[in-house]
>>> print(open('my_file_5.txt').read())   # compact mmCIF, C-alpha atoms and all ligand atoms
# COMPACT_ATOMS: atom_id res chain seq x y z
CA MET A 1 99.42 96.64 82.09
CA ARG A 2 96.12 96.88 83.93
CA ILE A 3 96.86 95.83 87.48
CA GLY A 4 94.59 95.33 90.50
CA ILE A 5 96.21 95.92 93.89
CA VAL A 6 94.79 94.56 97.15
CA CYS A 7 96.24 95.64 100.50
CA TYR A 8 95.40 96.78 104.00
CA PRO A 9 94.71 100.49 103.57
CA THR A 10 95.87 101.49 107.06
CA PHE A 11 99.12 103.00 108.36
CA GLY A 12 100.95 99.62 108.30
CA GLY A 13 104.05 99.13 106.18
CA SER A 14 102.44 96.61 103.81
CA GLY A 15 99.77 99.14 102.86
CA VAL A 16 102.41 101.85 102.41
CA VAL A 17 104.52 99.62 100.14
CA ALA A 18 101.48 98.53 98.10
CA THR A 19 100.28 102.10 97.68
CA GLU A 20 103.66 103.55 96.75
CA LEU A 21 104.21 100.69 94.30
CA GLY A 22 100.82 101.34 92.68
CA MET A 23 101.51 105.09 92.46
CA ALA A 24 104.93 104.48 90.88
CA LEU A 25 103.47 101.99 88.37
CA ALA A 26 100.77 104.52 87.48
CA GLU A 27 103.45 107.14 86.93
CA LYS A 28 105.08 104.76 84.43
CA GLY A 29 101.82 104.52 82.49
CA HIS A 30 100.24 101.36 83.93
CA ILE A 31 96.57 101.49 84.89
CA ILE A 32 96.18 100.71 88.57
CA HIS A 33 93.00 99.69 90.41
CA PHE A 34 93.19 99.64 94.22
CA ILE A 35 90.60 97.28 95.70
CA THR A 36 90.51 97.84 99.47
CA TYR A 37 88.03 98.33 102.30
CA ASP A 38 89.06 101.95 102.78
CA ARG A 39 91.03 104.50 100.81
CA PRO A 40 94.74 103.71 101.40
CA VAL A 41 96.22 106.47 103.56
CA ARG A 42 99.06 107.22 101.16
CA LEU A 43 96.91 107.15 97.99
CA ARG A 44 97.15 110.33 95.93
CA ASP A 45 95.06 111.40 92.97
CA HIS A 46 96.47 110.33 89.62
CA PRO A 47 94.78 109.92 86.23
CA ASN A 48 95.93 106.27 86.02
CA VAL A 49 94.80 105.33 89.54
CA PHE A 50 91.31 104.11 90.47
CA TYR A 51 89.94 103.15 93.84
CA HIS A 52 87.22 100.53 94.42
CA GLU A 53 85.85 100.25 97.93
CA VAL A 54 85.04 96.82 99.33
CA ARG A 55 81.87 97.39 101.36
CA VAL A 56 80.80 94.69 103.79
CA SER A 57 77.12 94.99 104.68
CA ASP A 58 76.10 94.79 108.29
CA TYR A 59 73.50 92.00 108.07
CA PRO A 60 72.22 91.07 111.57
CA LEU A 61 72.59 87.32 110.96
CA PHE A 62 76.36 87.67 110.69
CA ASP A 63 78.30 87.85 113.93
CA TYR A 64 81.36 88.02 111.68
CA GLN A 65 81.08 89.85 108.37
CA PRO A 66 82.25 87.73 105.40
CA TYR A 67 84.89 90.25 104.22
CA GLU A 68 86.80 87.70 102.16
CA LEU A 69 83.71 86.84 100.09
CA VAL A 70 82.82 90.46 99.45
CA LEU A 71 86.43 91.14 98.45
CA THR A 72 86.36 88.13 96.10
CA SER A 73 83.17 89.36 94.41
CA LYS A 74 84.68 92.81 94.04
CA LEU A 75 87.84 91.35 92.50
CA VAL A 76 85.75 89.40 89.98
CA ASP A 77 83.72 92.49 89.17
CA VAL A 78 86.70 94.84 88.72
CA ALA A 79 88.72 92.24 86.81
CA LYS A 80 85.88 91.71 84.32
CA PHE A 81 84.77 95.27 83.79
CA GLU A 82 88.14 96.98 83.94
CA GLY A 83 89.86 94.22 81.97
CA LEU A 84 92.59 93.54 84.54
CA ASP A 85 95.65 91.66 83.29
CA LEU A 86 96.85 90.70 86.74
CA LEU A 87 96.26 91.06 90.47
CA HIS A 88 98.93 91.86 93.05
CA VAL A 89 97.85 91.08 96.60
CA HIS A 90 99.81 92.29 99.62
CA TYR A 91 99.70 90.33 102.89
CA ALA A 92 98.63 86.71 102.48
CA ILE A 93 95.66 86.70 104.87
CA PRO A 94 92.98 86.71 103.46
CA HIS A 95 94.07 88.39 100.24
CA ALA A 96 95.80 85.43 98.60
CA SER A 97 92.87 83.06 99.15
CA ALA A 98 90.39 85.72 97.95
CA ALA A 99 92.52 86.17 94.81
CA TRP A 100 92.56 82.42 94.23
CA MET A 101 88.78 82.23 94.60
CA ALA A 102 88.32 85.14 92.18
CA GLN A 103 90.66 83.40 89.73
CA ARG A 104 88.56 80.22 89.86
CA ILE A 105 85.27 82.11 89.40
CA LEU A 106 86.67 83.92 86.37
CA ALA A 107 88.14 80.70 84.98
CA ALA A 108 84.63 79.18 85.02
CA GLU A 109 83.69 82.00 82.64
CA GLY A 110 86.72 81.40 80.44
CA LYS A 111 88.75 84.37 81.72
CA HIS A 112 92.19 84.11 83.17
CA LEU A 113 93.47 86.35 85.97
CA PRO A 114 96.95 85.54 87.33
CA PHE A 115 97.86 86.84 90.77
CA VAL A 116 101.08 87.71 92.58
CA THR A 117 101.20 87.41 96.38
CA THR A 118 103.64 89.51 98.39
CA LEU A 119 104.36 88.26 101.91
CA HIS A 120 105.03 91.09 104.34
CA GLY A 121 105.71 89.71 107.79
CA THR A 122 103.22 88.66 110.42
CA ASP A 123 101.11 86.95 107.72
CA ILE A 124 103.95 84.40 107.92
CA THR A 125 105.74 84.87 111.23
CA LEU A 126 102.80 85.38 113.63
CA VAL A 127 99.22 85.13 112.39
CA GLY A 128 99.84 82.82 109.45
CA ARG A 129 101.57 80.19 111.58
CA ASP A 130 98.41 79.76 113.60
CA PRO A 131 96.98 76.31 112.75
CA SER A 132 93.62 77.96 112.09
CA PHE A 133 95.12 79.68 109.03
CA GLU A 134 98.03 77.49 107.96
CA PRO A 135 96.32 75.13 105.43
CA VAL A 136 94.63 78.03 103.62
CA ILE A 137 97.81 80.09 103.47
CA THR A 138 99.92 77.18 102.26
CA PHE A 139 97.35 76.38 99.59
CA SER A 140 96.95 79.95 98.36
CA MET A 141 100.71 80.51 98.26
CA GLU A 142 101.11 77.32 96.21
CA ARG A 143 98.37 78.45 93.84
CA SER A 144 99.67 82.05 93.43
CA ASN A 145 101.24 82.65 90.03
CA ALA A 146 104.21 84.18 91.84
CA VAL A 147 105.10 84.73 95.49
CA THR A 148 107.48 87.39 96.73
CA ALA A 149 108.86 88.10 100.20
CA VAL A 150 110.23 91.46 101.33
CA SER A 151 113.49 90.05 102.74
CA GLU A 152 115.69 86.94 102.72
CA SER A 153 114.79 86.42 106.35
CA LEU A 154 111.06 86.36 105.57
CA LYS A 155 111.67 83.95 102.69
CA GLN A 156 113.51 81.57 105.07
CA ASP A 157 110.73 81.94 107.68
CA THR A 158 108.20 81.03 105.02
CA TYR A 159 109.98 77.76 104.23
CA THR A 160 110.47 77.07 107.95
CA HIS A 161 106.84 77.57 108.94
CA PHE A 162 105.00 76.26 105.87
CA PRO A 163 105.33 73.01 103.92
CA LEU A 164 105.87 75.04 100.76
CA LYS A 165 107.36 73.50 97.63
CA ARG A 166 107.23 76.46 95.31
CA GLN A 167 109.77 79.21 94.69
CA VAL A 168 109.60 82.49 96.65
CA GLU A 169 111.38 85.49 95.16
CA VAL A 170 112.83 88.21 97.39
CA ILE A 171 111.95 91.71 96.23
CA PRO A 172 112.82 94.10 99.05
CA ASN A 173 110.78 97.08 100.16
CA PHE A 174 111.80 100.44 98.81
CA VAL A 175 111.72 104.21 99.33
CA CYS A 176 111.70 106.96 96.76
CA VAL A 177 114.72 108.66 98.33
CA LYS A 178 114.28 111.98 96.58
CA GLN A 179 110.83 112.40 98.12
CA TYR A 180 112.22 112.36 101.68
CA PRO A 181 113.44 115.51 103.43
CA ASN A 182 117.00 114.92 104.66
CA THR A 183 117.92 118.08 106.50
CA PRO A 184 116.61 119.10 109.91
CA ASP A 185 114.03 121.88 110.05
CA PRO A 186 115.28 124.43 112.65
CA ALA A 187 111.72 125.35 113.69
CA LEU A 188 110.83 121.70 114.33
CA ARG A 189 114.04 121.13 116.25
CA LYS A 190 113.34 124.16 118.37
CA ARG A 191 109.84 122.87 119.08
CA TYR A 192 110.86 119.34 120.12
CA ALA A 193 114.37 119.96 121.49
CA PRO A 194 114.28 123.54 122.83
CA ASN A 195 117.67 123.23 124.52
CA ASP A 196 119.28 121.51 121.54
CA GLU A 197 119.01 118.08 123.16
CA LYS A 198 119.58 115.00 120.99
CA LEU A 199 116.29 113.90 119.47
CA VAL A 200 115.50 110.19 119.42
CA VAL A 201 112.43 109.01 117.49
CA HIS A 202 110.43 105.81 117.18
CA VAL A 203 107.62 105.18 114.68
CA SER A 204 105.37 102.12 114.87
CA ASN A 205 101.89 100.74 115.29
CA PHE A 206 102.54 100.08 118.98
CA ARG A 207 101.85 96.35 118.87
CA PRO A 208 103.53 94.00 121.39
CA VAL A 209 105.96 92.76 118.68
CA LYS A 210 107.52 96.28 118.61
CA ARG A 211 108.56 96.09 122.30
CA VAL A 212 108.17 99.88 122.63
CA GLU A 213 108.81 99.50 126.38
CA ASP A 214 112.43 98.76 125.40
CA VAL A 215 112.60 102.11 123.57
CA LEU A 216 111.66 103.81 126.85
CA ALA A 217 114.20 101.77 128.83
CA MET A 218 116.93 102.50 126.27
CA PHE A 219 116.08 106.20 126.29
CA ASN A 220 116.20 106.42 130.09
CA LEU A 221 119.70 104.92 130.04
CA LEU A 222 120.85 107.22 127.25
CA ARG A 223 119.55 110.26 129.09
CA GLU A 224 121.83 109.42 132.03
CA ARG A 225 124.74 110.22 129.68
CA ILE A 226 123.54 112.95 127.30
CA PRO A 227 120.66 115.44 127.25
CA ALA A 228 118.03 113.89 124.99
CA ARG A 229 114.35 113.88 124.15
CA LEU A 230 112.17 111.11 122.74
CA LEU A 231 109.37 111.38 120.17
CA LEU A 232 106.97 108.46 119.74
CA ILE A 233 104.97 108.54 116.50
CA GLY A 234 102.05 106.24 115.71
CA ASP A 235 99.32 104.55 117.67
CA GLY A 236 98.16 101.06 118.55
CA PRO A 237 97.18 98.64 121.30
CA GLU A 238 100.19 99.30 123.57
CA ARG A 239 100.12 103.09 123.48
CA GLN A 240 97.84 103.72 126.46
CA ARG A 241 99.82 101.39 128.73
CA LEU A 242 103.11 102.98 127.68
CA GLU A 243 101.80 106.49 128.08
CA THR A 244 100.73 105.64 131.63
CA LEU A 245 104.15 104.10 132.27
CA CYS A 246 105.85 107.27 131.02
CA ARG A 247 103.76 109.51 133.25
CA HIS A 248 105.29 107.71 136.24
CA SER A 249 108.84 107.94 134.96
CA SER A 250 111.39 110.65 135.75
CA SER A 251 111.87 111.18 131.99
CA CYS A 252 108.20 112.02 131.47
CA HIS A 253 108.87 115.67 130.52
CA ALA A 254 111.40 114.51 127.88
CA ILE A 255 109.02 112.13 126.10
CA GLN A 256 106.26 113.12 123.70
CA PHE A 257 103.64 110.88 122.09
CA LEU A 258 102.69 112.44 118.77
CA GLY A 259 100.13 109.85 117.59
CA LYS A 260 99.48 108.93 113.96
CA MET A 261 100.92 111.26 111.34
CA THR A 262 100.35 111.15 107.59
CA ARG A 263 103.88 112.42 106.89
CA PRO A 264 106.03 111.29 109.85
CA GLU A 265 109.19 111.87 107.78
CA GLU A 266 108.75 115.62 108.22
CA VAL A 267 109.42 115.15 111.94
CA VAL A 268 111.84 112.23 111.59
CA ALA A 269 114.16 114.27 109.33
CA SER A 270 114.68 116.70 112.22
CA CYS A 271 115.72 113.93 114.62
CA ASP A 272 119.19 112.53 115.36
CA LEU A 273 118.45 108.86 115.86
CA PHE A 274 115.73 106.33 115.03
CA ALA A 275 115.13 103.47 117.49
CA LEU A 276 113.46 100.16 116.60
CA THR A 277 113.28 97.56 119.35
CA SER A 278 111.12 94.89 117.66
CA GLU A 279 111.12 91.25 118.63
CA SER A 280 111.22 90.64 114.88
CA GLU A 281 110.68 92.62 111.70
CA SER A 282 110.51 91.02 108.31
CA PHE A 283 112.03 94.21 106.94
CA GLY A 284 111.46 97.35 109.06
CA LEU A 285 110.23 99.87 106.51
CA ALA A 286 110.08 102.62 109.14
CA ALA A 287 113.85 102.22 109.69
CA LEU A 288 114.52 102.51 105.95
CA GLU A 289 112.37 105.66 105.78
CA ALA A 290 114.42 107.14 108.63
CA MET A 291 117.63 106.38 106.70
CA ALA A 292 116.19 108.15 103.64
CA CYS A 293 115.84 111.17 105.95
CA GLY A 294 119.54 110.86 106.85
CA VAL A 295 118.78 109.56 110.34
CA PRO A 296 120.97 106.69 111.67
CA VAL A 297 119.20 103.71 113.23
CA VAL A 298 119.69 101.72 116.40
CA SER A 299 117.71 98.52 116.07
CA THR A 300 117.49 94.96 117.25
CA ASN A 301 118.81 92.20 115.05
CA GLY A 302 115.44 90.38 114.79
CA GLY A 303 114.27 88.94 111.45
CA GLY A 304 115.27 90.95 108.38
CA LEU A 305 116.56 94.02 110.24
CA PRO A 306 120.25 93.17 109.64
CA GLU A 307 119.50 93.23 105.88
CA VAL A 308 118.25 96.80 106.16
CA ASN A 309 120.25 98.34 109.00
CA ILE A 310 123.89 97.54 108.29
CA HIS A 311 125.82 97.32 111.56
CA GLY A 312 128.53 100.00 111.69
CA LYS A 313 127.27 101.75 108.57
CA SER A 314 123.65 102.94 108.66
CA GLY A 315 123.45 102.37 112.41
CA LEU A 316 124.09 99.70 115.02
CA LEU A 317 122.36 96.44 115.93
CA SER A 318 121.82 94.88 119.34
CA PRO A 319 120.12 91.71 120.59
CA VAL A 320 116.36 91.69 121.12
CA GLY A 321 115.40 92.69 124.67
CA ASP A 322 118.72 94.34 125.54
CA PRO A 323 117.98 98.07 125.96
CA ALA A 324 121.34 98.59 127.73
CA ALA A 325 123.23 97.44 124.61
CA MET A 326 121.03 99.64 122.46
CA ALA A 327 121.65 102.65 124.73
CA GLU A 328 125.39 102.02 124.41
CA ASN A 329 124.99 101.97 120.61
CA ALA A 330 122.93 105.15 120.67
CA PHE A 331 125.63 106.86 122.73
CA GLU A 332 128.33 105.68 120.31
CA ILE A 333 126.49 107.25 117.36
CA LEU A 334 125.49 110.50 119.06
CA ASN A 335 128.55 111.08 121.24
CA THR A 336 130.79 112.87 118.73
CA PRO A 337 129.97 114.99 115.67
CA ASP A 338 132.37 112.83 113.60
CA SER A 339 130.66 109.61 114.51
CA PHE A 340 127.21 111.10 113.90
CA ALA A 341 128.26 112.48 110.48
CA ARG A 342 129.68 109.09 109.47
CA PHE A 343 126.52 107.18 110.45
CA ARG A 344 124.31 109.84 108.88
CA GLN A 345 126.10 109.43 105.53
CA GLY A 346 125.97 105.64 105.93
CA ALA A 347 122.19 105.85 106.45
CA LEU A 348 121.72 107.97 103.32
CA ASP A 349 123.90 105.59 101.27
CA GLN A 350 122.04 102.56 102.54
CA ALA A 351 118.65 104.13 101.66
CA GLN A 352 119.91 104.60 98.09
CA ARG A 353 120.39 100.83 97.79
CA PHE A 354 116.63 100.44 98.27
CA ASP A 355 115.62 103.27 96.00
CA LEU A 356 112.37 102.89 94.07
CA SER A 357 114.27 103.21 90.78
CA LEU A 358 116.04 99.90 91.54
CA VAL A 359 113.08 97.95 92.91
CA LEU A 360 110.24 99.00 90.58
CA PRO A 361 111.74 97.31 87.48
CA ARG A 362 111.96 94.06 89.46
CA TYR A 363 108.19 94.05 90.02
CA GLU A 364 107.57 94.96 86.39
CA ARG A 365 109.79 92.08 85.24
CA LEU A 366 107.97 89.72 87.57
CA TYR A 367 104.56 90.79 86.20
CA GLU A 368 105.84 90.35 82.63
CA SER A 369 107.15 86.86 83.39
CA VAL A 370 103.84 85.87 85.01
CA LEU A 371 101.89 87.12 81.98
CA ALA A 372 104.33 85.45 79.57
CA ALA A 373 103.98 82.12 81.42
CA GLU A 374 100.20 82.40 81.08
CA ASN A 375 100.43 82.91 77.33
CA VAL A 376 102.66 79.91 76.59
O1 LIG B 401 103.24 92.08 109.39
C1 LIG B 401 102.92 93.09 110.02
O2 LIG B 401 103.16 93.29 111.18
C2 LIG B 401 102.18 94.15 109.29
C3 LIG B 401 103.03 94.72 108.27
C4 LIG B 401 102.40 96.01 107.98
O3 LIG B 401 101.39 96.00 107.28
O4 LIG B 401 102.87 96.98 108.54
O5 LIG B 401 104.39 94.91 108.65
C5 LIG B 401 105.28 94.06 108.02
O6 LIG B 401 105.42 94.52 106.69
C6 LIG B 401 106.21 95.70 106.53
C7 LIG B 401 106.20 96.05 105.05
O7 LIG B 401 106.71 95.01 104.27
C8 LIG B 401 107.61 95.46 107.07
O8 LIG B 401 108.40 96.61 106.89
C9 LIG B 401 107.50 95.12 108.57
O9 LIG B 401 108.78 94.81 109.04
C10 LIG B 401 106.60 93.93 108.77
N1 LIG B 401 106.33 93.76 110.21
C11 LIG B 401 106.80 92.72 110.89
O10 LIG B 401 107.45 91.83 110.37
C12 LIG B 401 106.50 92.72 112.35
>>> encode(input="my_file_5.txt", output="structure tokens")
Amino acid sequence: MRIGIVCYPTFGGSGVVATELGMALAEKGHIIHFITYDRPVRLRDHPNVFYHEVRVSDYPLFDYQPYELVLTSKLVDVAKFEGLDLLHVHYAIPHASAAWMAQRILAAEGKHLPFVTTLHGTDITLVGRDPSFEPVITFSMERSNAVTAVSESLKQDTYTHFPLKRQVEVIPNFVCVKQYPNTPDPALRKRYAPNDEKLVVHVSNFRPVKRVEDVLAMFNLLRERIPARLLLIGDGPERQRLETLCRHSSSCHAIQFLGKMTRPEEVVASCDLFALTSESESFGLAALEAMACGVPVVSTNGGGLPEVNIHGKSGLLSPVGDPAAMAENAFEILNTPDSFARFRQGALDQAQRFDLSLVLPRYERLYESVLAAENV
């Protein structure tokens, strides 16, 4: 198949999933065209992968650049000249409506381009619910040739927040387990935990929904019971405030902000525990990546997290906004070598359930069914 993929090319999980999916499809012989405003951070060179940049010109009349229109034109152009069979757009806003517009433009020329929309999270649970977006999102979901959601929880949220009549299929996020390191690197451990302290790690884009302040509160409580250090990977709007907060805390010397990393798993695999304190996560890809590294997870139970982090197996769950409960859970996992070994194995086993080899065929089947429906 010749497939066009649209996504946010940044460090966010939806861009990571879209890129890894495209790379895996290319590896299976499909021809993949990424159509994005910047080169996706995880994109690697491959003979079956092509990248088309969406360039929005800076015309002085526009206070707001019409990105969606430029994207639409690019989709039409690539679809026509590369002979795309299908488009797969990740994150509904504004990708699904741009795909619909491109489909209509092509239809006027007698060409058909079906599109699949994958819902990732805040396109439904936060931004999309805003009345200024809702009618467009509902419409473009209804008009998509197929809609997928990355968890059961997100599927239910979609029906709760939108007057949607169509079917939404759950295809979960995935990891290619064999590509993740799953043993600690002694040199890295020495660097970040020089006195063999327990290493706790958090990876996110530091937006308010992640409640990173709760990671700090949880860590301070944990450190009252065992020697530990905290690594914070990623960057975003909350980072500066949190860094300032840390500088005034007694744990300051035990906390390190590492910023954005292209391969965070290299550090995560040397840690003992992954902490995710989000208000809600449709899925929590960062937690799954930690599990693939053999790192147990303490997380909240918001959104789809209980589908990914199985309580008592891959880690432990606690209510949103309860760092004391999370610290208790962290202690339970880290307190004895037996408990840690059990959770570590549980994390590895759980990651296997979301292995690429199981999820990729589901997308391929979906594409085939969409194309077959078009040819009836
Ligand atoms: O919706 C967002 O916040 C952005 C999005 C992203 O691009 O990182 O994250 C969402 O999609 C990820 C990939 O499917 C999920 O793993 C995240 O849980 C989800 N974020 C939220 O639901 C907050």
>>> residues_around(input="my_file_5.txt", residues="range 113-119 of chain A", least_positions_apart="3", cutoff="9 Å", atoms="all atoms listed in the file", output="PyMOL selection string")
chain A and resi 14+79+84-92+95-96+99-100+102-104+106-107+122-124+140-141+143-150+154-155+158+171+366-367+370-371+374
>>> residues_near_ligand(input="my_file_5.txt", ligand="ligand LIG 401 (chain B)", cutoff="8 Å", atoms="only C-alpha atoms and all ligand atoms", output="PDB file with C-alpha atoms, in the frame of the given file")
ATOM      1  CA  TYR A   8      95.400  96.780 104.000  1.00  0.00           C
ATOM      2  CA  THR A  10      95.870 101.490 107.060  1.00  0.00           C
ATOM      3  CA  PHE A  11      99.120 103.000 108.360  1.00  0.00           C
ATOM      4  CA  GLY A  12     100.950  99.620 108.300  1.00  0.00           C
ATOM      5  CA  GLY A  13     104.050  99.130 106.180  1.00  0.00           C
ATOM      6  CA  SER A  14     102.440  96.610 103.810  1.00  0.00           C
ATOM      7  CA  GLY A  15      99.770  99.140 102.860  1.00  0.00           C
ATOM      8  CA  VAL A  16     102.410 101.850 102.410  1.00  0.00           C
ATOM      9  CA  VAL A  17     104.520  99.620 100.140  1.00  0.00           C
ATOM     10  CA  TYR A  91      99.700  90.330 102.890  1.00  0.00           C
ATOM     11  CA  LEU A 119     104.360  88.260 101.910  1.00  0.00           C
ATOM     12  CA  HIS A 120     105.030  91.090 104.340  1.00  0.00           C
ATOM     13  CA  GLY A 121     105.710  89.710 107.790  1.00  0.00           C
ATOM     14  CA  THR A 122     103.220  88.660 110.420  1.00  0.00           C
ATOM     15  CA  ASP A 123     101.110  86.950 107.720  1.00  0.00           C
ATOM     16  CA  ILE A 124     103.950  84.400 107.920  1.00  0.00           C
ATOM     17  CA  THR A 125     105.740  84.870 111.230  1.00  0.00           C
ATOM     18  CA  LEU A 126     102.800  85.380 113.630  1.00  0.00           C
ATOM     19  CA  VAL A 150     110.230  91.460 101.330  1.00  0.00           C
ATOM     20  CA  ASN A 173     110.780  97.080 100.160  1.00  0.00           C
ATOM     21  CA  ASN A 205     101.890 100.740 115.290  1.00  0.00           C
ATOM     22  CA  VAL A 209     105.960  92.760 118.680  1.00  0.00           C
ATOM     23  CA  LYS A 210     107.520  96.280 118.610  1.00  0.00           C
ATOM     24  CA  SER A 278     111.120  94.890 117.660  1.00  0.00           C
ATOM     25  CA  GLU A 279     111.120  91.250 118.630  1.00  0.00           C
ATOM     26  CA  SER A 280     111.220  90.640 114.880  1.00  0.00           C
ATOM     27  CA  GLU A 281     110.680  92.620 111.700  1.00  0.00           C
ATOM     28  CA  SER A 282     110.510  91.020 108.310  1.00  0.00           C
ATOM     29  CA  PHE A 283     112.030  94.210 106.940  1.00  0.00           C
ATOM     30  CA  GLY A 284     111.460  97.350 109.060  1.00  0.00           C
ATOM     31  CA  LEU A 285     110.230  99.870 106.510  1.00  0.00           C
ATOM     32  CA  ALA A 286     110.080 102.620 109.140  1.00  0.00           C
ATOM     33  CA  GLY A 303     114.270  88.940 111.450  1.00  0.00           C
ATOM     34  CA  GLY A 304     115.270  90.950 108.380  1.00  0.00           C
ATOM     35  CA  LEU A 305     116.560  94.020 110.240  1.00  0.00           C
TER      36      LEU A 305
END
>>> atom_distance(input="my_file_5.txt", atom1="CA of Arg42 in chain A", atom2="CA of Thr19 in chain A")
6.3 Å
>>> closest_residue(input="my_file_5.txt", among="A:Pro172, A:Gly234, A:Pro296, A:Pro135", to="Ser270 in chain A", atoms="all atoms listed in the file")
A:Pro296
>>> atom_distance(input="my_file_5.txt", atom1="CA of Arg225 in chain A", atom2="CA of Ser318 in chain A")
18.7 Å
>>> closest_residue(input="my_file_5.txt", among="A:Leu245, A:Val177, A:Cys252, A:Ile233", to="Phe274 in chain A", atoms="all atoms listed in the file")
A:Ile233
>>> closest_residue(input="my_file_5.txt", among="A:Arg207, A:His253, A:His33, A:Arg44", to="Arg239 in chain A", atoms="all atoms listed in the file")
A:Arg207
